[in-house]
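One structure below.
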Protein chains: 2
Amino acid sequence: MDNFTFYSPTCFVFGKDTESQAGALVKRFGGSRVLIHYGGGSAVRSGLIDRVKASLKAEGLPCYQLGGVRPNPRSGLVYEGIELCKKENIDFILAVGGGSSIDSAKAIAAGTVYDGDFWDFYSGKRIENALPIGTVLTIAAAGSEGSPDSVITREDGMFKRGASGDAIRPKFSILNPALTQTLPPYQTAAGITDIMAHLYERYLTNTREVEVTDRLIEALLLTMIHEGPRVIENPDNYDARANIMWAGMMAHNNSCGVGRSQDWNSHNIEHELSALYDCAHGAGLAVTLPAVFTYVMNHDVMRFARAAVRVWGCQMDFDHPEVTAREGIEKLRRFFISIGMPRNFAELGAREEDIPALVQALCYGNGRPGSISGFVTLDEADCEKIYHLML
Amino acid sequence: MDNFTFYSPTCFVFGKDTESQAGALVKRFGGSRVLIHYGGGSAVRSGLIDRVKASLKAEGLPCYQLGGVRPNPRSGLVYEGIELCKKENIDFILAVGGGSSIDSAKAIAAGTVYDGDFWDFYSGKRIENALPIGTVLTIAAAGSEGSPDSVITREDGMFKRGASGDAIRPKFSILNPALTQTLPPYQTAAGITDIMAHLYERYLTNTREVEVTDRLIEALLLTMIHEGPRVIENPDNYDARANIMWAGMMAHNNSCGVGRSQDWNSHNIEHELSALYDCAHGAGLAVTLPAVFTYVMNHDVMRFARAAVRVWGCQMDFDHPEVTAREGIEKLRRFFISIGMPRNFAELGAREEDIPALVQALCYGNGRPGSISGFVTLDEADCEKIYHLML
């Protein structure tokens, strides 16, 4: 196992009606002038924004609002948010929504206290300072509520890139599974896929002898396989929603990924798809993961066989481990289809003729060296073949 | 799933040679005058205390020492520590050792900033304030390095009782698995047992539909079953030590126990044994757990069958689930014996004629109402029968 530091000082307040604690939590973590940052109309229509505002008002906390965050959040709104925070002397950002609202809030939080262009952080600079943020989560997916990460798309070039730093870990996150019950099935399924992808990205490691994190990742995958179909079948199943929501946080706060190398090639390959086609990140991952795994499987057949046996309940073929490995990948692919995710480029709305542009953006965009690295290193030719596997 | 709050703001610094970061970490978390609190001579003889002192000195931090913490730490030394901290204006306590040193440090940290008798906290009062503490862990067992809990034995009456509060969660914990390589096999095995007990205490729940935490607990138990025998066979196996050490932390920081009722009857029943006979807590648990589980099994046969199948690899007997449940408990019992733990009262150094006194202390000592409660409520007669099962 590799040396590591694990520091997850987010206060998670989980359960029914917990959004009513937003005001008290902002106060506890030092906020006095709050920006509420959120997405489309559903958080407004459902009354959630009003409930959060009432909670802030009860604590005597003035608040400003900035809505309009879209899926695959854009840099334009981040610049707008930074300007607003500076003008109104905001000292706490409360994101209400899913990964997009939270990631956008993180970018604003870092950009507000930085003299340069916030995009520097999405080009490799580590985030050292930021305004404190809190979250009220409305979709179990990105894990951004407990992570030090943020992903933003820059309109100029449509690059989707990530930034990181302990300073943007939320001070608190309010997780009320009931808020996810009104999600459309497609978004629920995309969230389930994203969570499973976060687990697989950590599972694909070149570090030996990491049984504890292997087992924890497998545990969370097993949870998703059990709860995912239950929540698709019955969107009002609170307990299934709750299990998925906690699994989503645990999948990405890195408690299960410490001390081991991780992959993240699949995320990078998918980011070009959602940047170009504006598809749901999870939907892109459903098409990407089986293709990537099929392509890299021979790098470590036993790792894929392990997942097949322990997670997917396959019988181990001791004479032909590659058969078992392939069976596990196939079960993953069928699982995504069973919960309503797209199975290929066409269903995703992607086009074969864009593959050269996708490969170019993936391998060279925003300063990349002509390849991406993780579980294996993938150059232009590899990435092209992987996109072709998705057709 | 029940509503819950999860807040684990400890910074874990994990891996080889990490004790050299002690000084920098104390400084980062605001310490300026440090008490190093530790146990017997081994931390001194091994040079660990000297390395920690050198690290503090390099940061210009004056330090005081208080050694002599014994297993099943006593209130006498806590009073001594509180006096020393007040006299020397200590503002940070650094525990070097296992659960005993850490628990003793927590008691001192809470008692130093409290006007009354620190024992109030071990009689039910919640800890709200404490000096900040850090830890350098030398045995994977108690999980105190990441928990808000402390257990102390009061000499007057020999009651062993727990206290709790977020204020005593360590600011940082240094986990170097190599430091555990010199432990005698018996202590290593007692630590393994303690970790597994922390997992079972959370597994035995009356809350329905908590798949995610069920799976996480099972993952950590599977890790212990895999790594435990490897480390007993080869004490120098760094990776096995590392897996056990992270499992030990995860087993007790409650990330796997949230949103569900928990048991803790076994811990309470064992505490009377280690209080009276001064045996290793883990050794006492090895004898206690199978007896308690056998006694309470019928309260929820399917829960024990689930553990038997998922953790112990038993075949499910669908016609007679109780057979499977019993088989799982028997496998647990044999596992403890296989790593060198005692199997009964005699091997533990306990005596049948003390059972009435044990039951009395357990059910009535320190203000208890004549019973203990958890997975099931156990009265005097139940507890007497359970102690008899251990003969």
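Chain lettering (A, B, ...) mirrors the order of the structure tokens, residue numbering begins at 1 for each chain separately, and ligand numbering begins at 1 in order of display.
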
Task: Val376 of chain A environment, 12 Å, only C-alpha atoms, sequence neighbours closer than 2 positions dropped, as a ChimeraX atom specification - done: /A:201,204-206,261-266,292-293,295-300,371-374,378-379,382-383

Please, could you write that set of residues out with N, CA and C atoms as a PDB file, in the first residue's frame?
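As written to disk, result_32.pdb reads:
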ATOM      1  N   GLU A 201     -13.090   3.506 -11.265  1.00  0.00           N
ATOM      2  CA  GLU A 201     -11.867   4.290 -11.519  1.00  0.00           C
ATOM      3  C   GLU A 201     -10.847   4.056 -10.406  1.00  0.00           C
ATOM      4  N   LEU A 204      -9.469   0.096 -10.553  1.00  0.00           N
ATOM      5  CA  LEU A 204      -8.421  -0.199 -11.531  1.00  0.00           C
ATOM      6  C   LEU A 204      -7.109   0.435 -11.082  1.00  0.00           C
ATOM      7  N   THR A 205      -6.332  -0.360 -10.384  1.00  0.00           N
ATOM      8  CA  THR A 205      -5.108   0.125  -9.755  1.00  0.00           C
ATOM      9  C   THR A 205      -3.933  -0.730 -10.178  1.00  0.00           C
ATOM     10  N   ASN A 206      -2.748  -0.158 -10.113  1.00  0.00           N
ATOM     11  CA  ASN A 206      -1.532  -0.938 -10.304  1.00  0.00           C
ATOM     12  C   ASN A 206      -0.823  -1.192  -8.976  1.00  0.00           C
ATOM     13  N   SER A 261      -2.835   3.552  -6.587  1.00  0.00           N
ATOM     14  CA  SER A 261      -2.967   4.310  -7.826  1.00  0.00           C
ATOM     15  C   SER A 261      -4.394   4.135  -8.322  1.00  0.00           C
ATOM     16  N   GLN A 262      -4.897   5.133  -9.052  1.00  0.00           N
ATOM     17  CA  GLN A 262      -6.261   5.071  -9.571  1.00  0.00           C
ATOM     18  C   GLN A 262      -6.220   5.273 -11.081  1.00  0.00           C
ATOM     19  N   ASP A 263      -7.364   5.105 -11.736  1.00  0.00           N
ATOM     20  CA  ASP A 263      -7.387   5.166 -13.194  1.00  0.00           C
ATOM     21  C   ASP A 263      -7.808   6.555 -13.698  1.00  0.00           C
ATOM     22  N   TRP A 264      -9.086   6.797 -13.851  1.00  0.00           N
ATOM     23  CA  TRP A 264      -9.664   8.067 -14.321  1.00  0.00           C
ATOM     24  C   TRP A 264      -9.523   8.274 -15.818  1.00  0.00           C
ATOM     25  N   ASN A 265      -9.026   7.271 -16.551  1.00  0.00           N
ATOM     26  CA  ASN A 265      -9.039   7.381 -18.010  1.00  0.00           C
ATOM     27  C   ASN A 265     -10.469   7.436 -18.547  1.00  0.00           C
ATOM     28  N   SER A 266     -11.356   6.618 -17.982  1.00  0.00           N
ATOM     29  CA  SER A 266     -12.736   6.602 -18.477  1.00  0.00           C
ATOM     30  C   SER A 266     -13.396   7.962 -18.304  1.00  0.00           C
ATOM     31  N   VAL A 292     -13.767   0.979 -22.602  1.00  0.00           N
ATOM     32  CA  VAL A 292     -12.424   1.129 -22.036  1.00  0.00           C
ATOM     33  C   VAL A 292     -11.973  -0.185 -21.397  1.00  0.00           C
ATOM     34  N   PHE A 293     -12.856  -0.796 -20.625  1.00  0.00           N
ATOM     35  CA  PHE A 293     -12.470  -2.013 -19.899  1.00  0.00           C
ATOM     36  C   PHE A 293     -12.126  -3.138 -20.877  1.00  0.00           C
ATOM     37  N   TYR A 295     -10.943  -2.760 -23.783  1.00  0.00           N
ATOM     38  CA  TYR A 295      -9.675  -2.415 -24.433  1.00  0.00           C
ATOM     39  C   TYR A 295      -8.467  -2.661 -23.519  1.00  0.00           C
ATOM     40  N   VAL A 296      -8.605  -2.380 -22.219  1.00  0.00           N
ATOM     41  CA  VAL A 296      -7.439  -2.458 -21.311  1.00  0.00           C
ATOM     42  C   VAL A 296      -7.402  -3.755 -20.504  1.00  0.00           C
ATOM     43  N   MET A 297      -8.391  -4.619 -20.684  1.00  0.00           N
ATOM     44  CA  MET A 297      -8.547  -5.806 -19.848  1.00  0.00           C
ATOM     45  C   MET A 297      -7.273  -6.645 -19.710  1.00  0.00           C
ATOM     46  N   ASN A 298      -6.557  -6.803 -20.803  1.00  0.00           N
ATOM     47  CA  ASN A 298      -5.380  -7.671 -20.764  1.00  0.00           C
ATOM     48  C   ASN A 298      -4.215  -7.111 -19.947  1.00  0.00           C
ATOM     49  N   HIS A 299      -4.308  -5.837 -19.603  1.00  0.00           N
ATOM     50  CA  HIS A 299      -3.278  -5.257 -18.732  1.00  0.00           C
ATOM     51  C   HIS A 299      -3.259  -5.950 -17.366  1.00  0.00           C
ATOM     52  N   ASP A 300      -4.430  -6.405 -16.897  1.00  0.00           N
ATOM     53  CA  ASP A 300      -4.506  -7.121 -15.617  1.00  0.00           C
ATOM     54  C   ASP A 300      -5.807  -7.928 -15.582  1.00  0.00           C
ATOM     55  N   SER A 371      -1.368  12.145 -24.857  1.00  0.00           N
ATOM     56  CA  SER A 371      -1.867  10.878 -24.290  1.00  0.00           C
ATOM     57  C   SER A 371      -2.531  11.175 -22.950  1.00  0.00           C
ATOM     58  N   ILE A 372      -3.233  10.163 -22.421  1.00  0.00           N
ATOM     59  CA  ILE A 372      -3.758  10.264 -21.051  1.00  0.00           C
ATOM     60  C   ILE A 372      -3.250   9.053 -20.268  1.00  0.00           C
ATOM     61  N   SER A 373      -3.123   9.231 -18.967  1.00  0.00           N
ATOM     62  CA  SER A 373      -2.505   8.175 -18.158  1.00  0.00           C
ATOM     63  C   SER A 373      -3.366   7.806 -16.975  1.00  0.00           C
ATOM     64  N   GLY A 374      -3.351   6.520 -16.645  1.00  0.00           N
ATOM     65  CA  GLY A 374      -4.063   6.021 -15.477  1.00  0.00           C
ATOM     66  C   GLY A 374      -3.654   4.576 -15.268  1.00  0.00           C
ATOM     67  N   LEU A 378      -2.734   5.751 -22.530  1.00  0.00           N
ATOM     68  CA  LEU A 378      -3.454   5.630 -23.794  1.00  0.00           C
ATOM     69  C   LEU A 378      -3.054   6.783 -24.705  1.00  0.00           C
ATOM     70  N   ASP A 379      -2.529   6.437 -25.879  1.00  0.00           N
ATOM     71  CA  ASP A 379      -2.170   7.494 -26.830  1.00  0.00           C
ATOM     72  C   ASP A 379      -3.309   7.709 -27.830  1.00  0.00           C
ATOM     73  N   ASP A 382      -4.797   4.555 -29.359  1.00  0.00           N
ATOM     74  CA  ASP A 382      -5.608   3.816 -28.382  1.00  0.00           C
ATOM     75  C   ASP A 382      -6.974   4.478 -28.207  1.00  0.00           C
ATOM     76  N   CYS A 383      -6.957   5.782 -28.029  1.00  0.00           N
ATOM     77  CA  CYS A 383      -8.209   6.491 -27.761  1.00  0.00           C
ATOM     78  C   CYS A 383      -9.148   6.402 -28.964  1.00  0.00           C
TER      79      CYS A 383
END

What are the closest atom pairs, with distances in Å to one decimal, for each residue of chain A lying within 10 Å of chain B, using only C-alpha atoms, rows by chain and rising residue number, as JSON lines?
{"residue": "A:Met1", "atom": "CA", "partner": "B:Asp239", "partner_atom": "CA", "distance": 5.9}
{"residue": "A:Asp2", "atom": "CA", "partner": "B:Gly15", "partner_atom": "CA", "distance": 6.9}
{"residue": "A:Asn3", "atom": "CA", "partner": "B:Gly15", "partner_atom": "CA", "distance": 4.3}
{"residue": "A:Phe4", "atom": "CA", "partner": "B:Phe14", "partner_atom": "CA", "distance": 5.3}
{"residue": "A:Thr5", "atom": "CA", "partner": "B:Val13", "partner_atom": "CA", "distance": 4.5}
{"residue": "A:Phe6", "atom": "CA", "partner": "B:Phe12", "partner_atom": "CA", "distance": 5.0}
{"residue": "A:Tyr7", "atom": "CA", "partner": "B:Cys11", "partner_atom": "CA", "distance": 4.5}
{"residue": "A:Ser8", "atom": "CA", "partner": "B:Pro9", "partner_atom": "CA", "distance": 5.9}
{"residue": "A:Pro9", "atom": "CA", "partner": "B:Pro9", "partner_atom": "CA", "distance": 3.8}
{"residue": "A:Thr10", "atom": "CA", "partner": "B:Tyr7", "partner_atom": "CA", "distance": 6.4}
{"residue": "A:Cys11", "atom": "CA", "partner": "B:Tyr7", "partner_atom": "CA", "distance": 4.5}
{"residue": "A:Phe12", "atom": "CA", "partner": "B:Phe6", "partner_atom": "CA", "distance": 5.0}
{"residue": "A:Val13", "atom": "CA", "partner": "B:Thr5", "partner_atom": "CA", "distance": 4.5}
{"residue": "A:Phe14", "atom": "CA", "partner": "B:Phe4", "partner_atom": "CA", "distance": 5.3}
{"residue": "A:Gly15", "atom": "CA", "partner": "B:Asn3", "partner_atom": "CA", "distance": 4.3}
{"residue": "A:Lys16", "atom": "CA", "partner": "B:Asn3", "partner_atom": "CA", "distance": 6.6}
{"residue": "A:Asp17", "atom": "CA", "partner": "B:Asn3", "partner_atom": "CA", "distance": 9.3}
{"residue": "A:Thr18", "atom": "CA", "partner": "B:Asn3", "partner_atom": "CA", "distance": 8.5}
{"residue": "A:Phe172", "atom": "CA", "partner": "B:Tyr7", "partner_atom": "CA", "distance": 8.9}
{"residue": "A:Ser173", "atom": "CA", "partner": "B:Thr5", "partner_atom": "CA", "distance": 10.0}
{"residue": "A:Ile174", "atom": "CA", "partner": "B:Thr5", "partner_atom": "CA", "distance": 9.3}
{"residue": "A:Leu175", "atom": "CA", "partner": "B:Asn3", "partner_atom": "CA", "distance": 9.7}
{"residue": "A:Asn176", "atom": "CA", "partner": "B:Asn3", "partner_atom": "CA", "distance": 8.9}
{"residue": "A:Arg208", "atom": "CA", "partner": "B:Asp239", "partner_atom": "CA", "distance": 8.7}
{"residue": "A:Glu209", "atom": "CA", "partner": "B:Asp239", "partner_atom": "CA", "distance": 6.1}
{"residue": "A:Val210", "atom": "CA", "partner": "B:Asn243", "partner_atom": "CA", "distance": 6.6}
{"residue": "A:Glu211", "atom": "CA", "partner": "B:Thr223", "partner_atom": "CA", "distance": 6.2}
{"residue": "A:Val212", "atom": "CA", "partner": "B:Asn243", "partner_atom": "CA", "distance": 5.4}
{"residue": "A:Thr213", "atom": "CA", "partner": "B:Asn243", "partner_atom": "CA", "distance": 8.1}
{"residue": "A:Asp214", "atom": "CA", "partner": "B:Ala219", "partner_atom": "CA", "distance": 8.6}
{"residue": "A:Arg215", "atom": "CA", "partner": "B:Ala219", "partner_atom": "CA", "distance": 4.9}
{"residue": "A:Leu216", "atom": "CA", "partner": "B:Ala219", "partner_atom": "CA", "distance": 5.4}
{"residue": "A:Ile217", "atom": "CA", "partner": "B:Ala219", "partner_atom": "CA", "distance": 8.5}
{"residue": "A:Glu218", "atom": "CA", "partner": "B:Ala219", "partner_atom": "CA", "distance": 7.7}
{"residue": "A:Ala219", "atom": "CA", "partner": "B:Arg215", "partner_atom": "CA", "distance": 4.9}
{"residue": "A:Leu220", "atom": "CA", "partner": "B:Val212", "partner_atom": "CA", "distance": 6.6}
{"residue": "A:Leu221", "atom": "CA", "partner": "B:Arg215", "partner_atom": "CA", "distance": 9.4}
{"residue": "A:Leu222", "atom": "CA", "partner": "B:Arg215", "partner_atom": "CA", "distance": 7.5}
{"residue": "A:Thr223", "atom": "CA", "partner": "B:Val212", "partner_atom": "CA", "distance": 5.5}
{"residue": "A:Met224", "atom": "CA", "partner": "B:Val212", "partner_atom": "CA", "distance": 8.4}
{"residue": "A:His226", "atom": "CA", "partner": "B:Glu211", "partner_atom": "CA", "distance": 8.2}
{"residue": "A:Glu227", "atom": "CA", "partner": "B:Glu211", "partner_atom": "CA", "distance": 8.2}
{"residue": "A:Tyr238", "atom": "CA", "partner": "B:Met1", "partner_atom": "CA", "distance": 8.4}
{"residue": "A:Asp239", "atom": "CA", "partner": "B:Met1", "partner_atom": "CA", "distance": 5.9}
{"residue": "A:Ala240", "atom": "CA", "partner": "B:Glu209", "partner_atom": "CA", "distance": 7.6}
{"residue": "A:Arg241", "atom": "CA", "partner": "B:Met1", "partner_atom": "CA", "distance": 9.8}
{"residue": "A:Ala242", "atom": "CA", "partner": "B:Met1", "partner_atom": "CA", "distance": 6.8}
{"residue": "A:Asn243", "atom": "CA", "partner": "B:Val212", "partner_atom": "CA", "distance": 5.4}
{"residue": "A:Ile244", "atom": "CA", "partner": "B:Val212", "partner_atom": "CA", "distance": 7.6}
{"residue": "A:Met245", "atom": "CA", "partner": "B:Val212", "partner_atom": "CA", "distance": 9.4}
{"residue": "A:Trp246", "atom": "CA", "partner": "B:Val212", "partner_atom": "CA", "distance": 7.3}
{"residue": "A:Ala247", "atom": "CA", "partner": "B:Val212", "partner_atom": "CA", "distance": 6.3}
{"residue": "A:Met250", "atom": "CA", "partner": "B:Ser255", "partner_atom": "CA", "distance": 8.4}
{"residue": "A:Ser255", "atom": "CA", "partner": "B:Met250", "partner_atom": "CA", "distance": 8.4}
{"residue": "A:Cys256", "atom": "CA", "partner": "B:Met250", "partner_atom": "CA", "distance": 9.7}
{"residue": "A:Val258", "atom": "CA", "partner": "B:Phe14", "partner_atom": "CA", "distance": 9.4}
{"residue": "A:Gly259", "atom": "CA", "partner": "B:Phe14", "partner_atom": "CA", "distance": 8.3}

Task: Backbone-only DSSP, strand (DSSP E or B) members of segment 36-266 of chain B, as a PyMOL selection string - done: chain B and resi 36-38+63-66+74+92-97+133-137+149-154+159-164+172-175

Atoms to include: N, CA and C atoms. Write the selected residues as a short mmCIF file (atom, residue, chain, number, x, y, z; two decimals), in the first residue's frame.
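After the write, again.cif holds the following:
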data_model
loop_
_atom_site.label_atom_id
_atom_site.label_comp_id
_atom_site.auth_asym_id
_atom_site.auth_seq_id
_atom_site.Cartn_x
_atom_site.Cartn_y
_atom_site.Cartn_z
N ILE B 36 3.33 14.84 25.62
CA ILE B 36 3.39 13.52 24.98
C ILE B 36 2.94 12.49 26.01
N HIS B 37 1.92 11.74 25.67
CA HIS B 37 1.31 10.80 26.61
C HIS B 37 1.46 9.40 26.03
N TYR B 38 2.04 8.47 26.80
CA TYR B 38 2.33 7.16 26.23
C TYR B 38 2.30 6.09 27.32
N CYS B 63 7.96 20.43 24.84
CA CYS B 63 7.08 19.32 25.19
C CYS B 63 7.37 18.74 26.57
N TYR B 64 6.34 18.18 27.16
CA TYR B 64 6.42 17.49 28.44
C TYR B 64 6.02 16.04 28.19
N GLN B 65 6.41 15.15 29.10
CA GLN B 65 6.10 13.73 28.89
C GLN B 65 5.34 13.18 30.09
N LEU B 66 4.37 12.33 29.78
CA LEU B 66 3.73 11.56 30.84
C LEU B 66 3.53 10.15 30.30
N ARG B 74 -6.32 3.67 33.57
CA ARG B 74 -6.95 3.97 34.85
C ARG B 74 -7.15 5.48 35.07
N PHE B 92 -1.86 21.19 23.81
CA PHE B 92 -2.04 20.11 22.82
C PHE B 92 -1.52 18.80 23.43
N ILE B 93 -2.30 17.74 23.31
CA ILE B 93 -1.85 16.45 23.84
C ILE B 93 -1.60 15.50 22.67
N LEU B 94 -0.41 14.93 22.66
CA LEU B 94 -0.03 13.99 21.60
C LEU B 94 0.07 12.60 22.23
N ALA B 95 -0.87 11.73 21.90
CA ALA B 95 -0.86 10.37 22.41
C ALA B 95 0.01 9.51 21.51
N VAL B 96 0.94 8.77 22.09
CA VAL B 96 1.77 7.84 21.32
C VAL B 96 1.51 6.45 21.88
N GLY B 97 0.88 5.59 21.10
CA GLY B 97 0.59 4.25 21.58
C GLY B 97 -0.67 3.71 20.96
N ILE B 133 -6.16 17.11 20.51
CA ILE B 133 -5.21 16.00 20.63
C ILE B 133 -4.83 15.46 19.25
N GLY B 134 -3.65 14.87 19.20
CA GLY B 134 -3.18 14.15 18.02
C GLY B 134 -2.71 12.78 18.47
N THR B 135 -2.53 11.86 17.53
CA THR B 135 -2.09 10.52 17.92
C THR B 135 -1.00 10.00 16.98
N VAL B 136 -0.13 9.18 17.54
CA VAL B 136 0.79 8.36 16.75
C VAL B 136 0.46 6.92 17.14
N LEU B 137 -0.18 6.21 16.24
CA LEU B 137 -0.76 4.90 16.58
C LEU B 137 0.29 3.79 16.49
N ASP B 149 -14.65 8.57 20.97
CA ASP B 149 -14.91 7.78 22.17
C ASP B 149 -13.65 7.56 23.01
N SER B 150 -13.87 7.26 24.27
CA SER B 150 -12.79 6.94 25.20
C SER B 150 -13.34 6.02 26.27
N VAL B 151 -12.54 5.06 26.69
CA VAL B 151 -12.95 4.14 27.76
C VAL B 151 -11.89 4.17 28.86
N ILE B 152 -12.32 4.40 30.10
CA ILE B 152 -11.41 4.48 31.24
C ILE B 152 -11.94 3.60 32.38
N THR B 153 -11.01 3.04 33.15
CA THR B 153 -11.40 2.25 34.32
C THR B 153 -11.17 3.07 35.59
N ARG B 154 -12.21 3.18 36.40
CA ARG B 154 -12.07 3.88 37.67
C ARG B 154 -11.61 2.91 38.74
N PHE B 159 -14.82 0.09 37.83
CA PHE B 159 -15.78 0.21 36.73
C PHE B 159 -15.04 0.65 35.48
N LYS B 160 -15.36 0.01 34.36
CA LYS B 160 -14.79 0.41 33.07
C LYS B 160 -15.93 1.05 32.28
N ARG B 161 -15.82 2.32 31.97
CA ARG B 161 -16.93 3.03 31.34
C ARG B 161 -16.43 3.93 30.20
N GLY B 162 -17.36 4.24 29.29
CA GLY B 162 -17.01 5.04 28.12
C GLY B 162 -17.55 6.45 28.19
N ALA B 163 -16.88 7.36 27.45
CA ALA B 163 -17.36 8.73 27.28
C ALA B 163 -17.24 9.08 25.80
N SER B 164 -17.94 10.12 25.41
CA SER B 164 -18.00 10.43 23.99
C SER B 164 -18.20 11.92 23.74
N PHE B 172 -5.41 15.10 14.31
CA PHE B 172 -4.71 14.29 13.31
C PHE B 172 -4.35 12.96 13.94
N SER B 173 -4.17 11.96 13.10
CA SER B 173 -3.66 10.68 13.55
C SER B 173 -2.63 10.18 12.56
N ILE B 174 -1.48 9.82 13.09
CA ILE B 174 -0.39 9.30 12.28
C ILE B 174 -0.45 7.78 12.37
N LEU B 175 -0.63 7.13 11.21
CA LEU B 175 -0.77 5.67 11.17
C LEU B 175 0.37 5.09 10.35
#

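Taking atom CA of Val78 of chain A and atom CA of Phe121 of chain A as endpoints, the distance between them is 12.7 Å.
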
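In this structure, atom CA of Glu380 of chain A sits 24.4 Å away from atom CA of Asn72 of chain A.
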
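Checking B:Val359, B:Cys279, B:Ala381, B:Met196 one by one against Ala140 of chain B, counting only C-alpha atoms, you find the shortest gap at B:Met196.
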
Open item on the list: Using only C-alpha atoms for the distances, tell me which of A:Ala361, A:Val113, A:Val301, A:Ile386 is nearest to Thr288 of chain A.
Closed with: A:Ile386

Task: Contacts of Lys106 of chain A within 6 Å, only C-alpha atoms, excl. fewer than 3 positions in-chain, as a list in words - done: Asp103, Ala109 and Ile168 of chain A

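For Ala58 of chain B, the non-local neighbours within 9 Å, defined as residues at least 4 positions apart in the same chain or in other chains and counting only C-alpha atoms, are Gly23, Ala24, Lys53 and Ala54 of chain B.
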
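Reported to one decimal place, the separation of atom CA of Met341 of chain B from atom CA of Arg70 of chain B is 20.2 Å.
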
Open item on the list: Taking the DSSP secondary structure from the backbone, can you list the residues of segment 125-209 of chain A that are helix (DSSP H, G or I), as JSON, numbers by chain?
Closed with: {"A": [144, 145, 146, 166, 167, 168, 177, 178, 179, 180, 185, 186, 187, 188, 189, 190, 191, 192, 193, 194, 195, 196, 197, 198, 199, 200, 201, 202, 203]}

TODO: Write out as a list in words which residues come within 9 Å of Ala167 of chain A when counting only C-alpha atoms, dropping same-chain ones fewer than 3 positions away.
DONE: Ala110, Ile127, Glu128, Asn129, Ala130, Leu131, Pro132, Pro148, Ser164 and Pro170 of chain A

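Residues within 8 Å of Leu332 of chain B, counting only C-alpha atoms and excluding same-chain residues fewer than 3 positions away, are Pro290, Trp312, Gly328, Ile329, Phe335 and Phe336 of chain B.
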
Only N, CA, C and O atoms, please: the residues just picked out, written as a PDB file, in the first residue's frame.
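File result14.pdb, as written:
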ATOM      1  N   PRO B 290     -18.794 -14.937  20.661  1.00  0.00           N
ATOM      2  CA  PRO B 290     -19.552 -16.146  20.294  1.00  0.00           C
ATOM      3  C   PRO B 290     -20.639 -16.488  21.311  1.00  0.00           C
ATOM      4  O   PRO B 290     -21.717 -16.964  20.940  1.00  0.00           O
ATOM      5  N   TRP B 312     -18.544 -15.377   5.951  1.00  0.00           N
ATOM      6  CA  TRP B 312     -17.847 -16.618   6.275  1.00  0.00           C
ATOM      7  C   TRP B 312     -17.945 -17.648   5.163  1.00  0.00           C
ATOM      8  O   TRP B 312     -17.418 -18.759   5.308  1.00  0.00           O
ATOM      9  N   GLY B 328     -22.082 -19.755  11.022  1.00  0.00           N
ATOM     10  CA  GLY B 328     -21.308 -18.511  10.946  1.00  0.00           C
ATOM     11  C   GLY B 328     -20.693 -18.150  12.288  1.00  0.00           C
ATOM     12  O   GLY B 328     -19.534 -17.717  12.366  1.00  0.00           O
ATOM     13  N   ILE B 329     -21.463 -18.303  13.357  1.00  0.00           N
ATOM     14  CA  ILE B 329     -20.949 -18.002  14.699  1.00  0.00           C
ATOM     15  C   ILE B 329     -19.812 -18.956  15.051  1.00  0.00           C
ATOM     16  O   ILE B 329     -18.792 -18.561  15.618  1.00  0.00           O
ATOM     17  N   PHE B 335     -12.156 -18.927  14.225  1.00  0.00           N
ATOM     18  CA  PHE B 335     -11.195 -17.946  13.705  1.00  0.00           C
ATOM     19  C   PHE B 335     -10.407 -17.328  14.851  1.00  0.00           C
ATOM     20  O   PHE B 335      -9.178 -17.238  14.801  1.00  0.00           O
ATOM     21  N   PHE B 336     -11.109 -16.926  15.904  1.00  0.00           N
ATOM     22  CA  PHE B 336     -10.427 -16.331  17.053  1.00  0.00           C
ATOM     23  C   PHE B 336      -9.409 -17.319  17.647  1.00  0.00           C
ATOM     24  O   PHE B 336      -8.285 -16.946  17.987  1.00  0.00           O
TER      25      PHE B 336
END
